[in-house]
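Text of structure_18.csv (CSV, C-alpha atoms and all ligand atoms) as supplied:
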```
chain,number,residue,atom,x,y,z
A,1,MET,CA,-111.6,-148.7,-2.5
A,2,THR,CA,-114.1,-149.6,0.3
A,3,PHE,CA,-116.2,-147.2,2.2
A,4,ASP,CA,-113.9,-147.6,5.2
A,5,ASP,CA,-110.9,-146.8,3.0
A,6,LEU,CA,-112.6,-143.6,1.8
A,7,ARG,CA,-113.4,-142.6,5.4
A,8,ALA,CA,-109.8,-143.3,6.4
A,9,SER,CA,-108.2,-141.3,3.6
A,10,SER,CA,-110.6,-138.3,4.3
A,11,GLN,CA,-109.1,-138.0,7.8
A,12,GLY,CA,-105.8,-136.6,6.4
A,13,CYS,CA,-107.4,-134.2,3.9
A,14,LEU,CA,-105.4,-131.0,3.3
A,15,ALA,CA,-107.4,-129.8,0.3
A,16,CYS,CA,-108.5,-126.5,1.8
A,17,ASP,CA,-107.6,-124.2,4.7
A,18,LEU,CA,-110.3,-125.6,7.0
A,19,SER,CA,-107.8,-128.4,7.6
A,20,LYS,CA,-105.6,-126.0,9.6
A,21,ARG,CA,-108.0,-125.4,12.5
A,22,ARG,CA,-110.1,-128.5,12.6
A,23,THR,CA,-110.1,-131.0,15.4
A,24,HIS,CA,-111.8,-133.8,13.4
A,25,VAL,CA,-112.8,-134.5,9.8
A,26,VAL,CA,-116.5,-135.2,10.3
A,27,PHE,CA,-117.0,-137.8,7.5
A,28,GLY,CA,-120.5,-139.0,8.4
A,29,GLU,CA,-122.2,-141.8,10.3
A,30,GLY,CA,-125.0,-144.3,10.2
A,31,ASP,CA,-125.9,-147.1,7.9
A,32,PRO,CA,-124.0,-146.8,4.6
A,33,LYS,CA,-126.6,-149.2,3.0
A,34,SER,CA,-129.5,-146.9,4.0
A,35,PRO,CA,-131.8,-145.8,1.1
A,36,LEU,CA,-132.0,-142.4,2.8
A,37,VAL,CA,-129.1,-140.0,3.3
A,38,LEU,CA,-129.5,-136.7,5.3
A,39,ILE,CA,-127.0,-134.0,4.3
A,40,GLY,CA,-126.4,-130.9,6.3
A,41,GLU,CA,-124.2,-127.9,5.6
A,42,GLY,CA,-121.1,-128.6,7.7
A,43,PRO,CA,-120.0,-129.4,11.2
A,44,GLY,CA,-120.2,-126.9,14.0
A,45,GLU,CA,-118.2,-126.6,17.2
A,46,TYR,CA,-119.6,-129.8,18.9
A,47,GLU,CA,-119.4,-131.9,15.7
A,48,ASP,CA,-115.8,-130.8,15.2
A,49,LYS,CA,-114.9,-131.8,18.8
A,50,ALA,CA,-116.8,-135.2,18.6
A,51,GLY,CA,-116.0,-136.1,15.0
A,52,ARG,CA,-119.7,-136.9,14.5
A,53,PRO,CA,-122.4,-135.0,12.5
A,54,PHE,CA,-125.3,-133.3,14.2
A,55,VAL,CA,-124.5,-133.8,17.8
A,56,GLY,CA,-124.9,-130.2,19.1
A,57,ARG,CA,-128.2,-128.3,19.8
A,58,SER,CA,-129.4,-128.7,16.1
A,59,GLY,CA,-128.5,-132.4,16.3
A,60,LYS,CA,-130.6,-133.0,19.4
A,61,LEU,CA,-133.6,-131.4,17.6
A,62,LEU,CA,-132.9,-133.5,14.5
A,63,ASP,CA,-132.7,-136.7,16.7
A,64,LYS,CA,-136.1,-135.8,18.2
A,65,ALA,CA,-137.6,-135.3,14.7
A,66,ILE,CA,-136.2,-138.5,13.4
A,67,GLU,CA,-137.7,-140.4,16.3
A,68,GLU,CA,-141.0,-138.6,15.9
A,69,ALA,CA,-141.0,-139.6,12.2
A,70,GLY,CA,-140.8,-143.3,13.5
A,71,LEU,CA,-137.2,-143.9,12.6
A,72,ARG,CA,-133.9,-144.4,14.4
A,73,ARG,CA,-130.7,-142.5,13.6
A,74,GLU,CA,-129.1,-145.8,12.8
A,75,ASP,CA,-131.6,-146.4,10.0
A,76,LEU,CA,-130.2,-143.5,8.1
A,77,TYR,CA,-126.8,-142.2,6.9
A,78,ILE,CA,-126.1,-138.6,8.1
A,79,THR,CA,-123.3,-136.4,6.7
A,80,ASN,CA,-122.6,-132.8,5.5
A,81,THR,CA,-121.6,-131.2,2.2
A,82,VAL,CA,-118.4,-130.0,3.9
A,83,LYS,CA,-116.6,-132.3,6.3
A,84,CYS,CA,-114.6,-129.7,8.4
A,85,ARG,CA,-115.8,-126.9,10.6
A,86,ALA,CA,-115.9,-123.5,8.9
A,87,ALA,CA,-115.3,-120.7,11.4
A,88,ASP,CA,-114.1,-117.1,11.4
A,89,TRP,CA,-111.1,-116.9,13.8
A,90,SER,CA,-110.3,-113.2,13.3
A,91,THR,CA,-111.5,-112.1,16.7
A,92,GLY,CA,-109.5,-114.9,18.4
A,93,ARG,CA,-112.7,-116.8,19.3
A,94,PRO,CA,-114.0,-119.0,16.5
A,95,VAL,CA,-117.5,-118.0,15.2
A,96,ASN,CA,-119.2,-120.4,12.8
A,97,ARG,CA,-119.6,-119.2,9.3
A,98,PRO,CA,-120.9,-120.8,6.1
A,99,PRO,CA,-118.3,-122.6,4.1
A,100,THR,CA,-117.1,-120.7,1.0
A,101,GLU,CA,-117.8,-122.0,-2.5
A,102,ALA,CA,-114.1,-123.0,-2.8
A,103,GLU,CA,-114.3,-125.0,0.4
A,104,VAL,CA,-117.5,-126.7,-0.8
A,105,GLU,CA,-115.8,-127.5,-4.1
A,106,ALA,CA,-112.7,-128.9,-2.5
A,107,CYS,CA,-114.8,-131.2,-0.3
A,108,ARG,CA,-116.7,-132.7,-3.3
A,109,GLN,CA,-113.7,-135.1,-3.6
A,110,TRP,CA,-115.2,-136.8,-0.5
A,111,LEU,CA,-118.9,-136.2,-0.9
A,112,VAL,CA,-119.1,-137.5,-4.5
A,113,PRO,CA,-117.5,-140.9,-3.9
A,114,GLN,CA,-119.2,-141.2,-0.6
A,115,LEU,CA,-122.7,-140.9,-2.3
A,116,GLY,CA,-121.5,-143.0,-5.2
A,117,MET,CA,-120.8,-145.9,-2.7
A,118,ILE,CA,-123.9,-145.5,-0.7
A,119,GLN,CA,-126.2,-145.1,-3.7
A,120,PRO,CA,-129.1,-143.7,-1.8
A,121,LYS,CA,-132.6,-143.8,-3.2
A,122,VAL,CA,-133.4,-140.4,-1.6
A,123,ILE,CA,-131.3,-137.5,-0.3
A,124,LEU,CA,-132.9,-135.2,2.3
A,125,CYS,CA,-131.0,-131.9,2.2
A,126,ILE,CA,-131.0,-130.3,5.7
A,127,GLY,CA,-131.3,-126.6,5.1
A,128,ALA,CA,-131.0,-124.2,2.2
A,129,PRO,CA,-127.2,-124.3,1.7
A,130,SER,CA,-127.3,-128.1,1.3
A,131,ALA,CA,-130.2,-127.8,-1.2
A,132,LYS,CA,-128.5,-125.1,-3.2
A,133,ASN,CA,-125.5,-127.3,-3.4
A,134,LEU,CA,-127.2,-130.6,-4.2
A,135,ILE,CA,-130.5,-129.7,-6.0
A,136,LYS,CA,-130.0,-126.3,-7.7
A,137,LYS,CA,-128.3,-123.0,-7.0
A,138,SER,CA,-131.6,-121.1,-7.1
A,139,PHE,CA,-133.3,-123.3,-4.5
A,140,GLN,CA,-135.8,-121.4,-2.3
A,141,ILE,CA,-136.3,-123.3,0.9
A,142,THR,CA,-139.6,-121.7,2.1
A,143,LYS,CA,-141.3,-122.3,-1.3
A,144,GLU,CA,-139.6,-125.6,-2.4
A,145,ARG,CA,-139.1,-127.6,0.8
A,146,GLY,CA,-140.9,-131.0,0.9
A,147,LEU,CA,-141.0,-131.3,-3.0
A,148,TYR,CA,-139.2,-133.9,-5.0
A,149,PHE,CA,-136.4,-132.8,-7.3
A,150,PRO,CA,-134.0,-134.7,-9.6
A,151,CYS,CA,-130.6,-135.2,-8.2
A,152,GLU,CA,-127.3,-136.5,-9.6
A,153,PHE,CA,-126.6,-138.7,-6.6
A,154,ALA,CA,-130.0,-140.3,-5.9
A,155,ARG,CA,-133.3,-141.1,-7.6
A,156,THR,CA,-134.7,-138.0,-6.0
A,157,ALA,CA,-133.8,-135.3,-3.4
A,158,ILE,CA,-136.0,-133.4,-1.0
A,159,ALA,CA,-135.0,-130.4,1.2
A,160,THR,CA,-136.2,-129.5,4.6
A,161,LEU,CA,-135.7,-126.7,7.2
A,162,HIS,CA,-132.5,-126.7,9.1
A,163,PRO,CA,-132.9,-127.4,12.8
A,164,SER,CA,-130.9,-124.3,13.7
A,165,TYR,CA,-133.4,-122.2,11.7
A,166,ILE,CA,-136.2,-123.9,13.6
A,167,LEU,CA,-134.5,-123.2,16.9
A,168,ARG,CA,-134.2,-119.5,16.0
A,169,ASN,CA,-137.8,-119.3,15.0
A,170,MET,CA,-139.4,-121.2,18.0
A,171,HIS,CA,-141.0,-118.5,20.0
A,172,ASP,CA,-144.4,-117.4,21.3
A,173,GLY,CA,-145.6,-121.0,21.4
A,174,GLY,CA,-144.9,-121.5,17.7
A,175,ASP,CA,-143.0,-124.6,16.6
A,176,GLY,CA,-140.7,-122.7,14.3
A,177,GLY,CA,-141.4,-125.2,11.5
A,178,TYR,CA,-140.5,-128.3,13.5
A,179,SER,CA,-143.6,-130.1,12.3
A,180,LEU,CA,-142.5,-129.6,8.7
A,181,LEU,CA,-139.1,-131.1,9.5
A,182,VAL,CA,-140.9,-134.2,10.9
A,183,ALA,CA,-143.2,-134.4,7.9
A,184,ASP,CA,-140.3,-134.1,5.4
A,185,ILE,CA,-138.3,-136.8,7.1
A,186,LYS,CA,-141.4,-139.1,7.0
A,187,LYS,CA,-142.0,-138.2,3.4
A,188,ALA,CA,-138.4,-138.8,2.4
A,189,TRP,CA,-138.4,-142.2,4.2
A,190,ALA,CA,-141.7,-143.2,2.5
A,191,ALA,CA,-140.2,-142.4,-0.9
A,192,ALA,CA,-137.0,-144.3,-0.1
A,193,GLU,CA,-139.0,-147.4,1.0
A,194,ARG,CA,-141.2,-147.2,-2.0
A,195,LEU,CA,-138.1,-147.0,-4.3
A,196,MET,CA,-136.6,-150.0,-2.5
A,197,ARG,CA,-139.6,-152.1,-3.1
A,198,ASP,CA,-140.0,-151.0,-6.6
A,199,PRO,CA,-136.8,-149.6,-8.1
A,200,GLU,CA,-138.4,-149.0,-11.5
A,201,LYS,CA,-141.0,-146.8,-10.0
A,202,THR,CA,-141.2,-143.5,-11.9
A,203,LEU,CA,-141.1,-140.3,-10.1
A,204,PRO,CA,-144.4,-138.5,-9.5
A,205,GLU,CA,-145.1,-135.9,-12.2
A,206,LYS,CA,-146.3,-133.4,-9.6
A,207,GLN,CA,-143.2,-132.7,-7.4
A,208,GLY,CA,-145.3,-132.3,-4.3
A,209,SER,CA,-147.4,-135.5,-4.6
A,210,LEU,CA,-146.7,-138.6,-2.6
A,211,PHE,CA,-145.2,-141.7,-4.2
B,1,LIG,N1,-125.3,-128.2,11.2
B,1,LIG,C1,-125.0,-128.9,10.1
B,1,LIG,O1,-125.4,-128.5,9.0
B,1,LIG,N2,-124.4,-130.0,10.2
B,1,LIG,C2,-124.0,-130.5,11.4
B,1,LIG,O2,-123.4,-131.6,11.4
B,1,LIG,C3,-124.3,-129.8,12.6
B,1,LIG,C4,-124.9,-128.6,12.5
```

Please rewrite the model in this file as C-alpha cells.
Amino acid sequence: MTFDDLRASSQGCLACDLSKRRTHVVFGEGDPKSPLVLIGEGPGEYEDKAGRPFVGRSGKLLDKAIEEAGLRREDLYITNTVKCRAADWSTGRPVNRPPTEAEVEACRQWLVPQLGMIQPKVILCIGAPSAKNLIKKSFQITKERGLYFPCEFARTAIATLHPSYILRNMHDGGDGGYSLLVADIKKAWAAAERLMRDPEKTLPEKQGSLF
C-alpha cells in the first residue's frame, strides 16, 4: 500500500461515530518525506470544512510560528491524532469537544500506518492531548514541553503549547507562550536535521539539552 492509497482509504472510514457528522476526513498534508511531523489533537470547524489540518485561527498562528522558526509549512508534515472533527451536537449547534479515548483508539488504524510510512526522525506534539497520546499518559505540558522523550513512532518526540492555548492566554501585552512555540519548532527541526545527517546519533542524556 502506498501513502496515497492509505489516504484514499481513510476517506471512507466508518470506524467511529465521528464519521456521521464530518464533512471531510482530515488525513494530513505536507511533505511525507519530512524528518519532522507535527501532530495536533483533531480538526475543528474550519479544518472539517477545508479537509486540511490547522487552517483556522490556531492554524494561522501555527503558520506564523513555523515561518518565524525559519521554515515553510511545506517542509513539514502536519496531521492530527484524530482525523475527523469531534463536536457536541446536543444543542443543535456543534461545539468542539476533545475526542474520546474510544475515538482516539479507533483512529490509530490511520495514524499508526501513516507514521510507519513517513518514518519521521522527530514528532512535535502540538498540545497536551497529543503529547498524552503519543509520549505518555501522564504528560504535563507546562513542565515537560520542549524536552526530548522516547517515542514509538520516531527517534524522539517533543511537545509544545497548542496555538489555541496561546491565543486564550495572550493578554495584557503577554505573548501567551508564543515564543515557546517558536523555540520548540526550531528545536524540533534542529534535532530532525541532526538525525538526518547522523542517523546513529544517540539521544542526549539530559532530555532538555540540545543535540
Ligand atoms: N487544532 C488541532 O489540534 N488540529 C487542527 O487541525 C486544528 C486545530

*Would you list the residues near (-116.9, -142.9, -5.3), meaning any protein, DNA or RNA residue with an atom at most 10 Å from that point in file coordinates, counting all atoms listed in the file, as a VMD selection string?*
chain A and resid 1 to 3 6 109 to 119

_ligand LIG 1 (chain B): which residues are within 7 Å, counting all atoms listed in the file? Reply as an MDAnalysis selection string._
chainID A and resid 40:44 47 53:56 58:59 79:80 126

_Between CA of Lys33 (chain A) and CA of Lys64 (chain A), distance in Å (one decimal)_ =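 Computing the Euclidean distance for CA of Lys33 (chain A) and CA of Lys64 (chain A) yields 22.4 Å.
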
*Would you mind reading off the distance between CA of Gly51 (chain A) and CA of Gly146 (chain A), one decimal, in Å?*
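Here the two named atoms are 29.1 Å from each other.
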
*Between CA of Cys16 (chain A) and CA of Val104 (chain A), what is the spacing in Å?*
9.4 Å

*Out of A:Ile141, A:Ala86, A:Leu18, A:Val37, which residue has the shortest atom-to-atom distance to Arg155 (chain A) when counting only C-alpha atoms?*
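Among A:Ile141, A:Ala86, A:Leu18, A:Val37, it is A:Val37 that comes nearest to Arg155 (chain A).
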
*Between A:Leu181, A:Ala159, A:Cys84, A:Leu167, single out the one closest to Ala106 (chain A), counting only C-alpha atoms.*
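Closest candidate: A:Cys84.
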
_Nearest candidate to Leu71 (chain A) (options A:Val26, A:Leu36, A:Ala102, A:Cys125; using only C-alpha atoms)_ =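 So, comparing all the options, the nearest one is A:Leu36.
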
*Within 8 Å of Ala69 (chain A), counting only C-alpha atoms, which residues qualify if same-chain residues fewer than 5 places away don't, as a list in words?*
Val182, Ala183, Ile185 and Lys186 of chain A

_Nearest to Pro35 (chain A) by atom-to-atom distance, counting only C-alpha atoms, from A:Thr91, A:Cys151, A:Glu200, A:Lys121_ =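 Nearest to Pro35 (chain A): A:Lys121.
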